[in-house]
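Pasted below: target38.txt, compact mmCIF, C-alpha atoms.
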```txt
# COMPACT_ATOMS: atom_id res chain seq x y z
CA MET Z 1 15.06 19.35 -34.10
CA THR Z 2 14.45 16.34 -31.98
CA THR Z 3 17.27 14.52 -33.67
CA THR Z 4 19.79 17.30 -33.02
CA HIS Z 5 18.47 17.60 -29.47
CA ARG Z 6 18.95 13.90 -29.06
CA ARG Z 7 22.43 14.16 -30.51
CA GLN Z 8 23.40 17.10 -28.25
CA LEU Z 9 22.04 15.70 -25.04
CA PRO Z 10 24.06 12.51 -25.00
CA LYS Z 11 27.14 14.52 -25.95
CA ALA Z 12 26.69 16.94 -23.03
CA SER Z 13 25.78 14.24 -20.59
CA LEU Z 14 28.72 12.12 -21.72
CA LEU Z 15 31.02 15.07 -21.16
CA ALA Z 16 29.48 15.76 -17.76
CA LEU Z 17 29.68 12.08 -16.91
CA GLY Z 18 33.30 11.98 -18.01
CA ALA Z 19 34.16 15.04 -15.93
CA ALA Z 20 32.28 13.66 -12.94
CA GLY Z 21 34.09 10.35 -13.41
CA LEU Z 22 37.44 12.09 -13.47
CA VAL Z 23 36.66 14.05 -10.32
CA ALA Z 24 35.30 10.96 -8.60
CA GLY Z 25 38.27 8.89 -9.71
CA ALA Z 26 40.74 11.48 -8.51
CA SER Z 27 38.88 11.83 -5.22
CA ILE Z 28 38.84 8.10 -4.71
CA ALA Z 29 42.51 7.87 -5.54
CA LEU Z 30 43.27 10.69 -3.11
CA PHE Z 31 40.92 9.98 -0.25
CA TRP Z 32 39.89 6.34 -0.45
CA PRO Z 33 41.31 4.66 2.64
CA ARG Z 34 43.89 2.44 1.05
CA PRO Z 35 45.28 -0.51 2.97
CA SER Z 36 48.27 0.96 4.78
CA GLU Z 37 51.65 0.50 3.20
CA PHE Z 38 52.98 0.42 6.77
CA ARG Z 39 52.99 -2.70 8.90
CA LEU Z 40 53.05 -0.91 12.25
CA THR Z 41 49.94 0.80 13.57
CA VAL Z 42 49.53 4.15 11.81
CA LEU Z 43 48.71 7.01 14.16
CA PRO Z 44 46.62 9.97 13.07
CA PRO Z 45 48.12 13.29 14.19
CA GLY Z 46 46.78 13.85 17.71
CA PRO Z 47 45.63 17.10 19.32
CA VAL Z 48 48.93 17.22 21.20
CA SER Z 49 52.15 17.26 19.16
CA PRO Z 50 54.88 15.00 20.44
CA ASP Z 51 57.64 17.05 22.02
CA PHE Z 52 60.23 17.06 24.73
CA ARG Z 53 62.81 19.29 26.32
CA LEU Z 54 65.35 16.98 27.88
CA VAL Z 55 69.08 16.52 28.30
CA ASP Z 56 71.06 13.77 26.55
CA PHE Z 57 73.57 11.59 28.39
CA ASP Z 58 76.39 13.95 27.38
CA GLY Z 59 74.65 16.93 28.98
CA GLN Z 60 73.37 18.45 25.71
CA PRO Z 61 69.88 19.99 25.92
CA ARG Z 62 67.68 18.18 23.39
CA SER Z 63 64.23 18.77 21.97
CA LEU Z 64 62.42 16.71 19.34
CA ALA Z 65 63.08 19.54 16.84
CA ASP Z 66 66.82 18.80 17.09
CA TYR Z 67 66.13 15.53 15.29
CA ARG Z 68 64.09 17.08 12.45
CA GLY Z 69 65.17 15.54 9.16
CA GLN Z 70 65.64 12.13 10.75
CA VAL Z 71 63.21 9.34 11.46
CA VAL Z 72 63.06 9.17 15.25
CA VAL Z 73 62.25 6.00 17.18
CA ILE Z 74 61.41 6.55 20.83
CA PHE Z 75 61.03 4.10 23.69
CA PHE Z 76 60.16 5.18 27.21
CA GLY Z 77 61.76 2.97 29.83
CA TYR Z 78 64.35 2.76 32.58
CA THR Z 79 67.55 0.87 33.18
CA ARG Z 80 66.16 -1.11 36.13
CA CYS Z 81 63.41 -2.53 33.94
CA PRO Z 82 63.64 -6.35 34.09
CA ASP Z 83 62.69 -7.47 30.60
CA ALA Z 84 60.48 -5.16 28.52
CA CYS Z 85 63.14 -2.45 28.07
CA PRO Z 86 66.14 -4.66 27.28
CA ALA Z 87 63.95 -6.67 24.90
CA ALA Z 88 62.71 -3.53 23.13
CA LEU Z 89 66.19 -1.99 22.84
CA PHE Z 90 67.74 -5.27 21.73
CA LYS Z 91 65.10 -5.57 19.04
CA LEU Z 92 65.73 -1.99 17.87
CA ALA Z 93 69.46 -2.75 17.71
CA GLN Z 94 68.65 -5.70 15.41
CA VAL Z 95 66.40 -3.41 13.35
CA MET Z 96 69.27 -0.92 12.91
CA LYS Z 97 71.53 -3.72 11.68
CA ARG Z 98 68.81 -4.85 9.28
CA LEU Z 99 68.43 -1.30 7.92
CA GLY Z 100 72.03 -1.15 6.75
CA PRO Z 101 72.89 2.25 5.19
CA ALA Z 102 69.29 3.49 5.77
CA SER Z 103 70.01 3.37 9.52
CA ALA Z 104 71.96 6.64 9.06
CA GLN Z 105 68.56 8.37 8.71
CA VAL Z 106 67.17 6.75 11.85
CA ARG Z 107 67.74 7.92 15.43
CA VAL Z 108 66.78 5.69 18.35
CA LEU Z 109 66.13 7.42 21.67
CA LEU Z 110 65.45 5.99 25.11
CA ILE Z 111 63.66 8.47 27.35
CA THR Z 112 64.10 7.40 30.96
CA LEU Z 113 61.05 7.35 33.19
CA ASP Z 114 63.36 7.05 36.19
CA PRO Z 115 65.43 10.25 36.24
CA GLU Z 116 66.17 9.83 39.96
CA ARG Z 117 68.13 6.59 39.54
CA ASP Z 118 69.18 6.74 35.88
CA THR Z 119 72.24 8.97 35.99
CA PRO Z 120 73.63 10.22 32.65
CA GLN Z 121 76.60 7.82 32.97
CA LEU Z 122 74.32 4.85 33.64
CA LEU Z 123 72.01 5.82 30.76
CA LYS Z 124 74.99 6.08 28.43
CA SER Z 125 76.53 2.73 29.31
CA TYR Z 126 73.09 1.13 29.19
CA VAL Z 127 71.77 2.34 25.83
CA THR Z 128 75.11 2.20 24.01
CA ALA Z 129 75.52 -1.44 25.08
CA PHE Z 130 72.65 -2.20 22.69
CA ASP Z 131 73.87 0.03 19.85
CA PRO Z 132 76.58 2.71 20.07
CA ARG Z 133 74.31 5.07 18.07
CA PHE Z 134 71.46 4.96 20.58
CA VAL Z 135 70.90 8.07 22.69
CA GLY Z 136 69.50 8.22 26.22
CA LEU Z 137 67.57 11.27 27.38
CA SER Z 138 66.69 12.39 30.87
CA GLY Z 139 65.49 15.55 32.61
CA THR Z 140 63.66 16.78 35.65
CA THR Z 141 60.59 14.86 36.77
CA ALA Z 142 58.42 17.66 35.34
CA GLN Z 143 60.23 17.51 31.96
CA ILE Z 144 59.88 13.73 31.82
CA ASP Z 145 56.18 13.95 32.73
CA HIS Z 146 55.64 16.54 30.00
CA ALA Z 147 57.45 14.43 27.40
CA ALA Z 148 55.53 11.29 28.38
CA ALA Z 149 52.20 13.15 28.28
CA SER Z 150 52.85 14.45 24.76
CA PHE Z 151 53.26 10.82 23.63
CA TYR Z 152 50.31 9.64 25.75
CA VAL Z 153 52.71 7.43 27.69
CA ALA Z 154 51.44 6.31 31.08
CA HIS Z 155 53.97 5.77 33.88
CA PHE Z 156 53.67 5.19 37.61
CA LYS Z 157 56.10 4.43 40.40
CA ALA Z 158 55.35 1.06 41.95
CA PRO Z 159 57.26 0.28 45.18
CA THR Z 160 58.12 -3.41 45.46
CA SER Z 161 60.02 -3.22 48.74
CA ASN Z 162 61.20 -0.58 51.21
CA ASP Z 163 64.17 0.50 49.15
CA TYR Z 164 63.19 -0.49 45.64
CA TYR Z 165 60.55 0.57 43.19
CA ALA Z 166 59.61 -0.48 39.71
CA ILE Z 167 58.04 1.79 37.12
CA ASP Z 168 54.86 0.65 35.45
CA HIS Z 169 54.91 2.02 31.93
CA SER Z 170 53.56 1.82 28.39
CA THR Z 171 55.70 -0.51 26.33
CA ALA Z 172 54.94 1.00 22.93
CA THR Z 173 57.66 2.17 20.54
CA TYR Z 174 56.89 5.46 18.80
CA VAL Z 175 58.05 6.42 15.33
CA ILE Z 176 58.23 10.12 14.50
CA ASP Z 177 58.78 11.16 10.90
CA ALA Z 178 61.35 13.67 9.64
CA GLN Z 179 58.80 16.48 10.03
CA GLY Z 180 58.34 15.74 13.72
CA GLN Z 181 54.92 14.13 13.25
CA ARG Z 182 53.82 11.07 15.18
CA ARG Z 183 53.44 8.39 12.50
CA LEU Z 184 53.64 4.84 13.75
CA ILE Z 185 53.43 2.84 16.91
CA GLY Z 186 55.07 -0.54 17.47
CA ALA Z 187 54.35 -3.04 20.23
CA MET Z 188 56.44 -5.53 22.19
CA ASN Z 189 55.48 -8.25 19.71
CA THR Z 190 56.15 -6.20 16.54
CA SER Z 191 58.76 -8.11 14.57
CA ILE Z 192 62.21 -6.89 13.55
CA ASP Z 193 61.10 -7.36 9.92
CA ASP Z 194 58.07 -5.10 10.33
CA PHE Z 195 60.06 -2.36 12.09
CA ALA Z 196 62.78 -2.51 9.43
CA HIS Z 197 60.20 -2.43 6.62
CA ASP Z 198 58.45 0.68 7.93
CA LEU Z 199 61.57 2.57 8.96
CA LYS Z 200 63.08 1.89 5.53
CA LEU Z 201 59.95 3.33 3.91
CA LEU Z 202 60.13 6.52 5.97
CA ALA Z 203 63.91 6.83 5.61
CA GLY Z 204 63.71 6.14 1.85
CA ARG Z 205 61.34 9.05 1.28
CA LEU Z 206 63.73 11.22 3.20
CA LYS Z 207 66.59 10.30 0.91
CA GLN Z 208 64.59 11.02 -2.27
CA GLY Z 209 63.51 14.36 -0.83
CA ALA Z 210 59.85 13.49 -1.46
CA SER Z 211 57.19 14.67 0.93
CA PRO Z 212 56.16 11.81 3.20
CA MET R 1 58.45 -14.28 16.79
CA TYR R 2 62.13 -14.07 15.83
CA THR R 3 61.62 -16.69 13.14
CA HIS R 4 64.37 -15.21 11.01
CA ILE R 5 67.00 -16.25 13.55
CA HIS R 6 65.28 -19.58 13.97
CA ARG R 7 67.67 -21.63 11.86
CA LEU R 8 70.67 -20.15 13.61
CA THR R 9 69.18 -20.60 17.04
CA PHE R 10 68.27 -24.17 16.20
CA LEU R 11 71.96 -24.87 15.76
CA LEU R 12 72.72 -22.90 18.88
CA ALA R 13 69.99 -24.79 20.69
CA LEU R 14 71.69 -28.07 19.83
CA ALA R 15 74.84 -26.75 21.40
CA TRP R 16 72.84 -25.59 24.42
CA VAL R 17 70.74 -28.65 25.10
CA ILE R 18 73.41 -30.65 26.86
CA PRO R 19 74.67 -27.94 29.22
CA ALA R 20 71.08 -26.74 29.69
CA LEU R 21 69.87 -30.17 30.72
CA ALA R 22 72.90 -30.55 32.91
CA ALA R 23 71.71 -27.45 34.74
CA ASP R 24 68.43 -29.13 35.72
CA GLN R 25 68.27 -29.71 39.44
CA ARG R 26 66.10 -32.37 41.03
CA THR R 27 65.32 -32.50 44.74
CA GLY R 28 62.78 -35.05 45.87
CA SER R 29 59.73 -34.48 43.71
CA LEU R 30 60.81 -31.02 42.48
CA THR R 31 62.79 -30.41 39.31
CA ILE R 32 64.08 -26.93 38.53
CA THR R 33 64.70 -26.81 34.80
CA GLN R 34 66.99 -24.64 32.72
CA PRO R 35 67.51 -21.58 34.89
CA TRP R 36 68.63 -18.66 32.77
CA SER R 37 69.35 -14.98 32.98
CA ARG R 38 70.12 -12.18 30.57
CA ALA R 39 73.33 -10.24 29.99
CA THR R 40 73.27 -6.74 31.45
CA ALA R 41 74.69 -3.46 30.20
CA PRO R 42 77.77 -2.18 32.03
CA GLY R 43 76.68 -0.42 35.19
CA ALA R 44 73.14 -1.81 35.08
CA ALA R 45 71.86 -2.28 38.61
CA ILE R 46 69.42 -5.08 38.02
CA GLY R 47 69.14 -8.43 36.32
CA ALA R 48 66.38 -10.99 36.02
CA ALA R 49 66.35 -14.77 36.17
CA TYR R 50 63.88 -17.39 35.02
CA PHE R 51 63.31 -21.16 35.29
CA GLU R 52 60.56 -23.71 35.47
CA ILE R 53 59.62 -25.70 38.55
CA VAL R 54 58.12 -29.11 37.79
CA ASN R 55 56.52 -30.82 40.76
CA ALA R 56 55.97 -34.58 40.59
CA GLY R 57 54.74 -34.74 44.19
CA ALA R 58 52.60 -32.91 46.72
CA VAL R 59 52.02 -29.15 46.82
CA ASP R 60 54.96 -27.03 47.94
CA THR R 61 55.59 -23.32 48.26
CA LEU R 62 58.56 -21.33 47.01
CA LEU R 63 59.29 -18.95 49.89
CA ARG R 64 62.27 -16.96 48.68
CA ILE R 65 65.30 -16.96 46.41
CA GLU R 66 68.87 -16.26 47.43
CA SER R 67 71.88 -15.47 45.28
CA PRO R 68 75.35 -14.05 45.85
CA ILE R 69 75.10 -12.25 42.46
CA ALA R 70 72.91 -9.46 43.89
CA ARG R 71 72.59 -7.59 47.15
CA GLN R 72 68.85 -8.09 47.14
CA VAL R 73 66.77 -10.81 45.49
CA GLU R 74 63.01 -10.52 45.13
CA MET R 75 60.29 -12.40 43.30
CA HIS R 76 58.20 -10.18 41.06
CA THR R 77 55.45 -10.64 38.56
CA SER R 78 54.91 -8.52 35.45
CA TYR R 79 51.64 -8.22 33.64
CA THR R 80 50.23 -5.96 30.96
CA GLU R 81 47.12 -3.97 31.63
CA GLY R 82 45.76 -1.62 28.98
CA GLY R 83 49.13 -1.38 27.21
CA THR R 84 50.95 -0.65 30.45
CA MET R 85 53.43 -3.14 31.80
CA ARG R 86 53.10 -3.42 35.57
CA MET R 87 55.31 -5.14 38.08
CA ARG R 88 54.41 -6.29 41.58
CA PRO R 89 56.34 -8.13 44.30
CA VAL R 90 55.32 -11.68 45.10
CA THR R 91 55.91 -12.95 48.64
CA SER R 92 55.62 -16.65 47.85
CA VAL R 93 54.72 -18.89 44.93
CA ASP R 94 52.63 -22.05 45.29
CA VAL R 95 53.76 -25.03 43.24
CA PRO R 96 50.70 -27.21 42.73
CA ALA R 97 50.85 -30.98 43.24
CA ARG R 98 51.83 -32.66 39.97
CA GLY R 99 51.94 -29.24 38.42
CA ARG R 100 54.46 -26.70 37.19
CA VAL R 101 55.24 -23.04 37.60
CA ARG R 102 57.17 -21.14 34.99
CA PHE R 103 59.20 -18.01 35.66
CA GLU R 104 59.46 -16.20 32.34
CA PRO R 105 59.73 -12.72 30.75
CA SER R 106 56.56 -10.63 31.15
CA GLY R 107 55.48 -12.95 33.97
CA LEU R 108 56.94 -14.25 37.22
CA HIS R 109 60.64 -13.50 37.49
CA VAL R 110 63.51 -13.30 39.92
CA MET R 111 64.63 -9.71 40.34
CA LEU R 112 68.35 -9.44 41.04
CA ILE R 113 68.64 -5.99 42.60
CA ASP R 114 72.04 -4.28 42.85
CA LEU R 115 74.13 -6.78 40.95
CA VAL R 116 77.61 -7.29 42.39
CA ARG R 117 78.96 -7.55 38.82
CA PRO R 118 77.54 -7.21 35.31
CA LEU R 119 76.15 -10.42 33.81
CA ARG R 120 77.98 -11.50 30.67
CA LYS R 121 76.69 -13.93 28.10
CA GLY R 122 77.83 -17.44 28.98
CA ASP R 123 78.40 -16.66 32.68
CA ARG R 124 76.83 -18.90 35.30
CA PHE R 125 75.78 -17.92 38.79
CA PRO R 126 74.02 -19.76 41.62
CA LEU R 127 70.41 -19.29 42.68
CA THR R 128 69.04 -20.99 45.78
CA LEU R 129 65.30 -21.57 45.75
CA VAL R 130 63.98 -22.04 49.28
CA PHE R 131 60.84 -24.19 49.45
CA GLN R 132 58.61 -24.68 52.46
CA HIS R 133 58.84 -28.49 52.33
CA ALA R 134 61.73 -29.34 50.02
CA GLY R 135 64.00 -26.77 51.69
CA PRO R 136 66.81 -25.04 49.75
CA VAL R 137 67.51 -26.13 46.17
CA ARG R 138 70.63 -24.72 44.54
CA VAL R 139 70.69 -24.24 40.77
CA GLU R 140 72.97 -22.49 38.29
CA ALA R 141 71.59 -19.88 35.93
CA ILE R 142 73.20 -19.52 32.50
CA VAL R 143 73.44 -15.97 31.17
CA GLN R 144 71.97 -15.49 27.70
CA ASP R 145 72.41 -12.60 25.27
CA LEU R 146 71.34 -9.04 26.09
CA GLY R 147 67.64 -8.68 25.26
CA THR R 148 66.84 -12.40 25.15
CA LEU R 149 63.13 -13.04 25.70
CA ILE R 150 63.06 -16.70 24.78
CA PRO R 151 66.08 -18.84 25.63
CA PRO R 152 67.55 -20.72 22.64
CA TRP R 153 66.24 -24.10 23.80
CA ARG R 154 62.67 -22.78 23.88
CA GLU R 155 62.78 -21.13 20.43
CA GLY R 156 60.07 -22.52 18.19
CA HIS R 157 58.26 -24.22 21.08
CA GLY R 158 55.54 -21.57 20.86
CA GLN R 159 54.89 -18.90 23.45
```
With the file now loaded, output its structure as structure tokens.
Amino acid sequence: MTTTHRRQLPKASLLALGAAGLVAGASIALFWPRPSEFRLTVLPPGPVSPDFRLVDFDGQPRSLADYRGQVVVIFFGYTRCPDACPAALFKLAQVMKRLGPASAQVRVLLITLDPERDTPQLLKSYVTAFDPRFVGLSGTTAQIDHAAASFYVAHFKAPTSNDYYAIDHSTATYVIDAQGQRRLIGAMNTSIDDFAHDLKLLAGRLKQGASP
Amino acid sequence: MYTHIHRLTFLLALAWVIPALAADQRTGSLTITQPWSRATAPGAAIGAAYFEIVNAGAVDTLLRIESPIARQVEMHTSYTEGGTMRMRPVTSVDVPARGRVRFEPSGLHVMLIDLVRPLRKGDRFPLTLVFQHAGPVRVEAIVQDLGTLIPPWREGHGQ
């Protein structure tokens, strides 16, 4: 009696232990915070979804949903920006070159924070000077404010003289995945290598049709 | 930063050193070194220019900058505060005795407002720095590539 009991108990507990181990293992595999495969800062989905309703430099109304199915890279800036904006756009142009064929899945957008002075023609000649595939978006002040707020982008007009003003602004670069979710954020000092690495990862999943 | 283009820019830097040094301008105890600017997109209204002022003598003050390349020339400073890049006008810049002041991206810079023509890589244009004691000092800025943050001759010198 005791012997069979002894034989049964370990069997049952081993089974239970095994099952518990499996569950635990699976849970760990699923939920354990792994070191990120991305090199840029990974953003958790925020309470506000990124969105915009703007007009591109050819006069086409554009919303973020229009770019669903593509990896979207967004920089908020303005053409009268002395160095942060040209540096960011120049870097993204280098990133696009580095991506090679994968760049077909990536769309780079500049959203102007200066709709009063950045005319569609100026936006077009400006952004396409960096890469002919880049798109510039503008809109009414209210539309720009709404777009910036949905990305948590701060921007303020800062007069420097009687007839000139600068725009103080966040210099982050936002990466939106093919499902329209905010995924990554790059900074002024993020390297071309790191941008290319992460965009390739997101674009690669897109190509395979796997869920990101 | 930009280490991947380092080898290439090293070669470019060699090619640049001689003309860059030739662009240095010395007046009395002040030396204005390697003034540079950045190419602009067609139609772009503004440009920026940078240089370093090395002062071997007594304190002086940079009062203003003039240039025929733009309708308006201002001195501005950029700084980052909580992830936001801010820009403010600067009315004058003190150059300490036996000291140096560097105009550079994300810091002090010359704002060229309403450019009379787009700046193309390789172009040169004059800048006149007007000092309180040394008076006007004319230098030539060399236009670098669109998006340049560190001129070729400063690559690898650490920022």
| message | Within 10 Å of chain Z, which residues belong to chain R? Use only C-alpha atoms and report them as a ChimeraX atom specification. | response | /R:1-4,38-49,72,74-76,78-90,104-107,109-114,145-149
| remark: Correct to one decimal, the distance CA of Thr141 in chain Z-CA of Pro50 in chain Z is 17.3 Å
| task | Rank Z:Ala142, Z:Ala196, Z:Met96, Z:Leu110 by their smallest atom-to-atom distance to Asp56 in chain Z, using all atoms listed in the file, and report the top residue only. | result |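 The closest residue to Asp56 in chain Z is Z:Leu110.
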| field | Length of the CA of Ala147 in chain Z to CA of Leu99 in chain Z vector [Å] | value |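 Those two atoms sit 27.3 Å apart.
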| query | So how many Å separate CA of Gly204 in chain Z and CA of Phe76 in chain Z, to one decimal? | reply |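 Spanning CA of Gly204 in chain Z to CA of Phe76 in chain Z is a straight-line distance of 25.6 Å.
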| message | Residues within 10 Å of Val93 in chain R, please, as an MDAnalysis selection string. Count only C-alpha atoms; anything in the same chain fewer than 4 positions from it doesn't count. | response | chainID R and resid 60:64 75 101 108 131
| task | Rank R:Arg120, R:Val73, R:His133, R:Arg102 by their smallest atom-to-atom distance to Gln34 in chain R, using only C-alpha atoms, and report the top residue only. | result |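 That would be R:Arg102, the residue with the smallest distance to Gln34 in chain R.
The shortest atom-to-atom distance to Ala70 in chain R, with only C-alpha atoms taken into account, belongs to R:Pro126 out of R:Gln132, R:Pro126, R:Gln144, R:Ile32.
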